[in-house]
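Enquirer: This is the structure, below, for whatever I ask next.
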Amino acid sequence: MNVWIVYDSKYGNNKQVAEALAGLFKEGNEVHVHHAKDISPKEAAESKPDIVLIGGPPRAGMISFTIKGWAQRFARALKSKGLQAGKAGVWGTHGVNDAETPAKFAWANIEPKWKALLAEIPAAKSMPGVLGINIEEKEGEGGLGGVMEAGWKDLVASFAEDVKAL
């Protein structure tokens, strides 16, 4: 199968998720892992992906412009060729929500944006939900470049199994 995993990552967390996913799909598949700035959406669409997985971080309470723009151009490229991915899924990393988290930046506000973006991608089957991974603040760094929550690899493995089972 032809698997495309495209991500945006500023501090490396989403790159780690993408690489972990690649490892879970590598057996018997042709797997492509790219930062969204490094691959043309048209090239990905023309490869007729069996599976496309897209993920990245929030920026100011929104999906990062880089990954959102890539996904929208990818969707347009598929549509213009009359193509669709076999399966599609999305993930997003986000800060840990607490009582002080402004609603705009809460995962509850960002997750529906990921679902809407996934709905734009022509696919025979799409994941019904979004994989969300908490990024925990590094001591004294205000959340920038934080570390992923304990057990994130298990979350990613479960997500990969759910995609395969679609």
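Ordering of the structure tokens sets the chain letters (A, B, ...), residue numbers begin anew at 1 in every chain, and ligands are numbered from 1 in the order given.
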Considering only C-alpha atoms, return as an MDAnalysis selection string whatever protein or nucleic-acid residues lie within 12 Å of Ala124 (chain A), sequence-local ones (same chain, fewer than 2 positions apart) excluded.
Expert: chainID A and resid 49:52 83:89 119 121:122 126:127 166
Enquirer: Nearest to Lys113 (chain A) among A:His35, A:Lys42, A:Lys68, A:Lys26, with distances taken over only C-alpha atoms: which residue is it?
Expert: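 Among A:His35, A:Lys42, A:Lys68, A:Lys26, it is A:Lys68 that comes nearest to Lys113 (chain A).
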Enquirer: Near Val17 (chain A), counting only C-alpha atoms, which residues have an atom at most 10 Å away, once you skip same-chain residues fewer than 2 positions from it, shown as a list in words?
Expert: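 In the requested form, the answer reads Ile5, Tyr7, Ser9, Gly12, Asn13, Asn14, Lys15, Glu19, Ala20, Leu21, Ala22, Gly23, Gly55, Gly56, Trp91, Gly92, Thr93, Ile133, Met148, Trp152, Lys153, Leu155, Val156 and Ala157 of chain A.
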Enquirer: Keeping only N, CA and C atoms, write the selected residues to a file as an mmCIF file, in the first residue's frame.
Expert:
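Saved result, selection-v9.cif, follows:
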```cif
data_model
loop_
_atom_site.group_PDB
_atom_site.id
_atom_site.type_symbol
_atom_site.label_atom_id
_atom_site.label_comp_id
_atom_site.auth_asym_id
_atom_site.auth_seq_id
_atom_site.Cartn_x
_atom_site.Cartn_y
_atom_site.Cartn_z
ATOM 1 N N ILE A 5 2.396 10.197 5.069
ATOM 2 C CA ILE A 5 2.296 10.808 6.391
ATOM 3 C C ILE A 5 2.928 12.186 6.274
ATOM 4 N N TYR A 7 3.229 16.146 7.964
ATOM 5 C CA TYR A 7 3.109 16.821 9.259
ATOM 6 C C TYR A 7 3.721 18.219 9.202
ATOM 7 N N SER A 9 5.747 20.637 12.199
ATOM 8 C CA SER A 9 6.324 20.517 13.537
ATOM 9 C C SER A 9 7.339 21.617 13.754
ATOM 10 N N GLY A 12 9.447 19.518 17.094
ATOM 11 C CA GLY A 12 9.804 18.122 16.888
ATOM 12 C C GLY A 12 8.803 17.092 17.383
ATOM 13 N N ASN A 13 7.779 17.506 18.108
ATOM 14 C CA ASN A 13 6.817 16.533 18.622
ATOM 15 C C ASN A 13 6.042 15.847 17.499
ATOM 16 N N ASN A 14 5.555 16.625 16.551
ATOM 17 C CA ASN A 14 4.780 16.036 15.459
ATOM 18 C C ASN A 14 5.658 15.237 14.507
ATOM 19 N N LYS A 15 6.908 15.601 14.398
ATOM 20 C CA LYS A 15 7.842 14.781 13.622
ATOM 21 C C LYS A 15 7.984 13.410 14.284
ATOM 22 N N GLU A 19 7.057 9.882 12.533
ATOM 23 C CA GLU A 19 8.036 8.794 12.435
ATOM 24 C C GLU A 19 7.539 7.528 13.132
ATOM 25 N N ALA A 20 6.847 7.690 14.247
ATOM 26 C CA ALA A 20 6.277 6.528 14.932
ATOM 27 C C ALA A 20 5.210 5.868 14.057
ATOM 28 N N LEU A 21 4.374 6.680 13.431
ATOM 29 C CA LEU A 21 3.365 6.135 12.515
ATOM 30 C C LEU A 21 4.032 5.404 11.358
ATOM 31 N N ALA A 22 5.073 6.001 10.803
ATOM 32 C CA ALA A 22 5.782 5.372 9.685
ATOM 33 C C ALA A 22 6.276 3.988 10.088
ATOM 34 N N GLY A 23 6.810 3.872 11.292
ATOM 35 C CA GLY A 23 7.288 2.589 11.763
ATOM 36 C C GLY A 23 6.175 1.557 11.884
ATOM 37 N N GLY A 55 -0.943 15.623 10.273
ATOM 38 C CA GLY A 55 -0.991 16.109 11.641
ATOM 39 C C GLY A 55 -0.091 17.291 11.890
ATOM 40 N N GLY A 56 -0.333 17.927 13.014
ATOM 41 C CA GLY A 56 0.479 19.069 13.374
ATOM 42 C C GLY A 56 -0.005 19.738 14.637
ATOM 43 N N TRP A 91 -4.192 13.889 13.116
ATOM 44 C CA TRP A 91 -3.858 13.993 14.529
ATOM 45 C C TRP A 91 -3.446 15.428 14.812
ATOM 46 N N GLY A 92 -3.546 15.798 16.062
ATOM 47 C CA GLY A 92 -3.098 17.113 16.491
ATOM 48 C C GLY A 92 -2.493 17.041 17.871
ATOM 49 N N THR A 93 -1.394 17.727 18.051
ATOM 50 C CA THR A 93 -0.833 17.858 19.384
ATOM 51 C C THR A 93 -1.382 19.149 19.976
ATOM 52 N N ILE A 133 -2.886 14.535 21.140
ATOM 53 C CA ILE A 133 -1.796 14.190 22.046
ATOM 54 C C ILE A 133 -1.409 15.434 22.843
ATOM 55 N N MET A 148 5.807 15.205 24.993
ATOM 56 C CA MET A 148 4.515 14.548 24.842
ATOM 57 C C MET A 148 4.151 13.775 26.092
ATOM 58 N N TRP A 152 2.181 8.334 24.938
ATOM 59 C CA TRP A 152 1.805 8.828 23.609
ATOM 60 C C TRP A 152 2.038 7.784 22.529
ATOM 61 N N LYS A 153 3.064 6.959 22.683
ATOM 62 C CA LYS A 153 3.328 5.932 21.669
ATOM 63 C C LYS A 153 2.193 4.912 21.622
ATOM 64 N N LEU A 155 -0.952 5.640 22.258
ATOM 65 C CA LEU A 155 -2.030 6.347 21.558
ATOM 66 C C LEU A 155 -1.822 6.286 20.046
ATOM 67 N N VAL A 156 -0.586 6.502 19.617
ATOM 68 C CA VAL A 156 -0.258 6.468 18.195
ATOM 69 C C VAL A 156 -0.458 5.058 17.638
ATOM 70 N N ALA A 157 -0.042 4.052 18.380
ATOM 71 C CA ALA A 157 -0.215 2.666 17.928
ATOM 72 C C ALA A 157 -1.698 2.310 17.797
#
```
Enquirer: Please identify the strand (DSSP E or B) residues within region 38-163 of chain A (assignment by DSSP from backbone atoms) and present them as JSON, numbers by chain.
Expert: {"A": [51, 52, 53, 54, 55, 56, 58, 59, 62, 63, 85, 86, 87, 88, 89, 90, 91, 92, 93, 94, 95, 123, 124, 125, 126, 131, 132, 133, 134, 135, 136, 147, 148]}
Enquirer: Nearest residue to Ala71 (chain A) out of A:Pro128, A:Gly95, A:Pro41, A:Pro57, using only C-alpha atoms?
Expert: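 The shortest atom-to-atom distance to Ala71 (chain A) comes from A:Pro41.
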Enquirer: In Å, how far is it from CA of His34 (chain A) to CA of Glu46 (chain A)?
Expert: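 Rounded to one decimal, the two atoms are 15.5 Å apart.
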Enquirer: Kindly indicate which residue among A:His32, A:Ile54, A:Asp162, A:Ala45 lies nearest to Lys125 (chain A), using only C-alpha atoms for the distances.
Expert: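 Using only C-alpha atoms, Lys125 (chain A) sits closest to A:Asp162.
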Enquirer: Tell me, in Å to one decimal, how far CA of Pro58 (chain A) is from CA of Val3 (chain A).
Expert: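 Separation between CA of Pro58 (chain A) and CA of Val3 (chain A): 23.9 Å.
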Enquirer: What's the separation between CA of Val163 (chain A) and CA of Glu149 (chain A), in Å to one decimal place?
Expert: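 Going from CA of Val163 (chain A) over to CA of Glu149 (chain A) covers 21.5 Å.
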Enquirer: Rank nothing, just name the residue among A:Phe65, A:Trp107, A:Trp70, A:Phe25 nearest to Val130 (chain A), using only C-alpha atoms.
Expert: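 Among the listed residues, A:Trp107 lies closest to Val130 (chain A).
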Enquirer: DSSP on the backbone, alpha helix (DSSP H) only: what residues of region 11-148 of chain A does that give? Format it as a PyMOL selection string.
Expert: chain A and resi 13-25+41-46+65-80+107-120
Enquirer: Would you mind exporting the chosen residues as a compact mmCIF listing (two decimals), in the first residue's frame, restricted to N, CA and C atoms?
Expert:
```txt
# COMPACT_ATOMS: atom_id res chain seq x y z
N ASN A 13 7.78 17.51 18.11
CA ASN A 13 6.82 16.53 18.62
C ASN A 13 6.04 15.85 17.50
N ASN A 14 5.56 16.62 16.55
CA ASN A 14 4.78 16.04 15.46
C ASN A 14 5.66 15.24 14.51
N LYS A 15 6.91 15.60 14.40
CA LYS A 15 7.84 14.78 13.62
C LYS A 15 7.98 13.41 14.28
N GLN A 16 8.06 13.39 15.61
CA GLN A 16 8.14 12.12 16.34
C GLN A 16 6.89 11.27 16.10
N VAL A 17 5.72 11.91 16.12
CA VAL A 17 4.48 11.18 15.86
C VAL A 17 4.50 10.61 14.44
N ALA A 18 4.90 11.43 13.47
CA ALA A 18 4.95 10.98 12.07
C ALA A 18 5.91 9.80 11.91
N GLU A 19 7.06 9.88 12.53
CA GLU A 19 8.04 8.79 12.44
C GLU A 19 7.54 7.53 13.13
N ALA A 20 6.85 7.69 14.25
CA ALA A 20 6.28 6.53 14.93
C ALA A 20 5.21 5.87 14.06
N LEU A 21 4.37 6.68 13.43
CA LEU A 21 3.37 6.14 12.52
C LEU A 21 4.03 5.40 11.36
N ALA A 22 5.07 6.00 10.80
CA ALA A 22 5.78 5.37 9.69
C ALA A 22 6.28 3.99 10.09
N GLY A 23 6.81 3.87 11.29
CA GLY A 23 7.29 2.59 11.76
C GLY A 23 6.18 1.56 11.88
N LEU A 24 4.99 2.02 12.20
CA LEU A 24 3.85 1.12 12.37
C LEU A 24 3.24 0.69 11.03
N PHE A 25 3.53 1.42 9.97
CA PHE A 25 2.99 1.11 8.65
C PHE A 25 4.04 0.54 7.69
N PRO A 41 1.67 18.96 -2.46
CA PRO A 41 0.39 18.27 -2.31
C PRO A 41 -0.03 17.58 -3.62
N LYS A 42 0.30 18.20 -4.73
CA LYS A 42 -0.03 17.63 -6.04
C LYS A 42 0.71 16.30 -6.24
N GLU A 43 1.99 16.27 -5.88
CA GLU A 43 2.77 15.04 -6.02
C GLU A 43 2.17 13.93 -5.16
N ALA A 44 1.79 14.25 -3.93
CA ALA A 44 1.18 13.26 -3.05
C ALA A 44 -0.14 12.77 -3.63
N ALA A 45 -0.96 13.67 -4.13
CA ALA A 45 -2.26 13.29 -4.70
C ALA A 45 -2.08 12.41 -5.94
N GLU A 46 -1.14 12.77 -6.80
CA GLU A 46 -0.92 12.01 -8.03
C GLU A 46 -0.37 10.62 -7.77
N PHE A 65 -1.10 26.98 10.02
CA PHE A 65 -1.34 27.39 8.65
C PHE A 65 -0.63 26.47 7.67
N THR A 66 0.57 26.03 8.00
CA THR A 66 1.35 25.18 7.11
C THR A 66 0.63 23.88 6.80
N ILE A 67 0.18 23.17 7.82
CA ILE A 67 -0.45 21.87 7.57
C ILE A 67 -1.85 22.04 7.03
N LYS A 68 -2.58 23.04 7.49
CA LYS A 68 -3.93 23.26 6.97
C LYS A 68 -3.88 23.59 5.49
N GLY A 69 -2.97 24.48 5.11
CA GLY A 69 -2.85 24.84 3.70
C GLY A 69 -2.44 23.65 2.85
N TRP A 70 -1.52 22.84 3.36
CA TRP A 70 -1.08 21.66 2.61
C TRP A 70 -2.27 20.72 2.39
N ALA A 71 -3.01 20.45 3.46
CA ALA A 71 -4.14 19.51 3.38
C ALA A 71 -5.21 20.02 2.41
N GLN A 72 -5.48 21.31 2.43
CA GLN A 72 -6.48 21.86 1.52
C GLN A 72 -6.01 21.78 0.06
N ARG A 73 -4.74 22.05 -0.18
CA ARG A 73 -4.21 21.92 -1.55
C ARG A 73 -4.20 20.46 -2.00
N PHE A 74 -3.90 19.54 -1.08
CA PHE A 74 -3.93 18.12 -1.37
C PHE A 74 -5.35 17.70 -1.76
N ALA A 75 -6.34 18.13 -0.98
CA ALA A 75 -7.74 17.81 -1.27
C ALA A 75 -8.15 18.34 -2.64
N ARG A 76 -7.76 19.57 -2.95
CA ARG A 76 -8.09 20.14 -4.28
C ARG A 76 -7.41 19.36 -5.40
N ALA A 77 -6.16 18.94 -5.16
CA ALA A 77 -5.44 18.17 -6.18
C ALA A 77 -6.13 16.83 -6.42
N LEU A 78 -6.57 16.15 -5.37
CA LEU A 78 -7.30 14.90 -5.54
C LEU A 78 -8.58 15.13 -6.33
N LYS A 79 -9.34 16.13 -5.92
CA LYS A 79 -10.62 16.42 -6.57
C LYS A 79 -10.44 16.77 -8.04
N SER A 80 -9.41 17.54 -8.35
CA SER A 80 -9.20 17.96 -9.74
C SER A 80 -8.87 16.79 -10.66
N TRP A 107 -8.32 22.18 23.56
CA TRP A 107 -8.46 21.11 22.58
C TRP A 107 -9.91 21.00 22.11
N ALA A 108 -10.86 21.25 22.99
CA ALA A 108 -12.28 21.18 22.63
C ALA A 108 -12.62 22.17 21.51
N ASN A 109 -11.87 23.24 21.39
CA ASN A 109 -12.05 24.22 20.32
C ASN A 109 -11.29 23.83 19.06
N ILE A 110 -10.15 23.20 19.22
CA ILE A 110 -9.29 22.87 18.08
C ILE A 110 -9.69 21.56 17.40
N GLU A 111 -10.10 20.58 18.17
CA GLU A 111 -10.45 19.27 17.60
C GLU A 111 -11.50 19.36 16.48
N PRO A 112 -12.58 20.14 16.64
CA PRO A 112 -13.56 20.23 15.54
C PRO A 112 -12.96 20.81 14.25
N LYS A 113 -11.95 21.64 14.39
CA LYS A 113 -11.29 22.19 13.21
C LYS A 113 -10.53 21.10 12.45
N TRP A 114 -9.92 20.17 13.20
CA TRP A 114 -9.27 19.02 12.57
C TRP A 114 -10.31 18.14 11.88
N LYS A 115 -11.45 17.91 12.52
CA LYS A 115 -12.51 17.09 11.92
C LYS A 115 -13.00 17.72 10.62
N ALA A 116 -13.16 19.03 10.62
CA ALA A 116 -13.61 19.73 9.41
C ALA A 116 -12.57 19.62 8.29
N LEU A 117 -11.30 19.72 8.66
CA LEU A 117 -10.23 19.59 7.66
C LEU A 117 -10.22 18.18 7.08
N LEU A 118 -10.38 17.18 7.93
CA LEU A 118 -10.44 15.79 7.47
C LEU A 118 -11.61 15.59 6.51
N ALA A 119 -12.73 16.22 6.80
CA ALA A 119 -13.92 16.09 5.95
C ALA A 119 -13.69 16.66 4.55
N GLU A 120 -12.75 17.57 4.40
CA GLU A 120 -12.45 18.15 3.09
C GLU A 120 -11.68 17.18 2.18
```
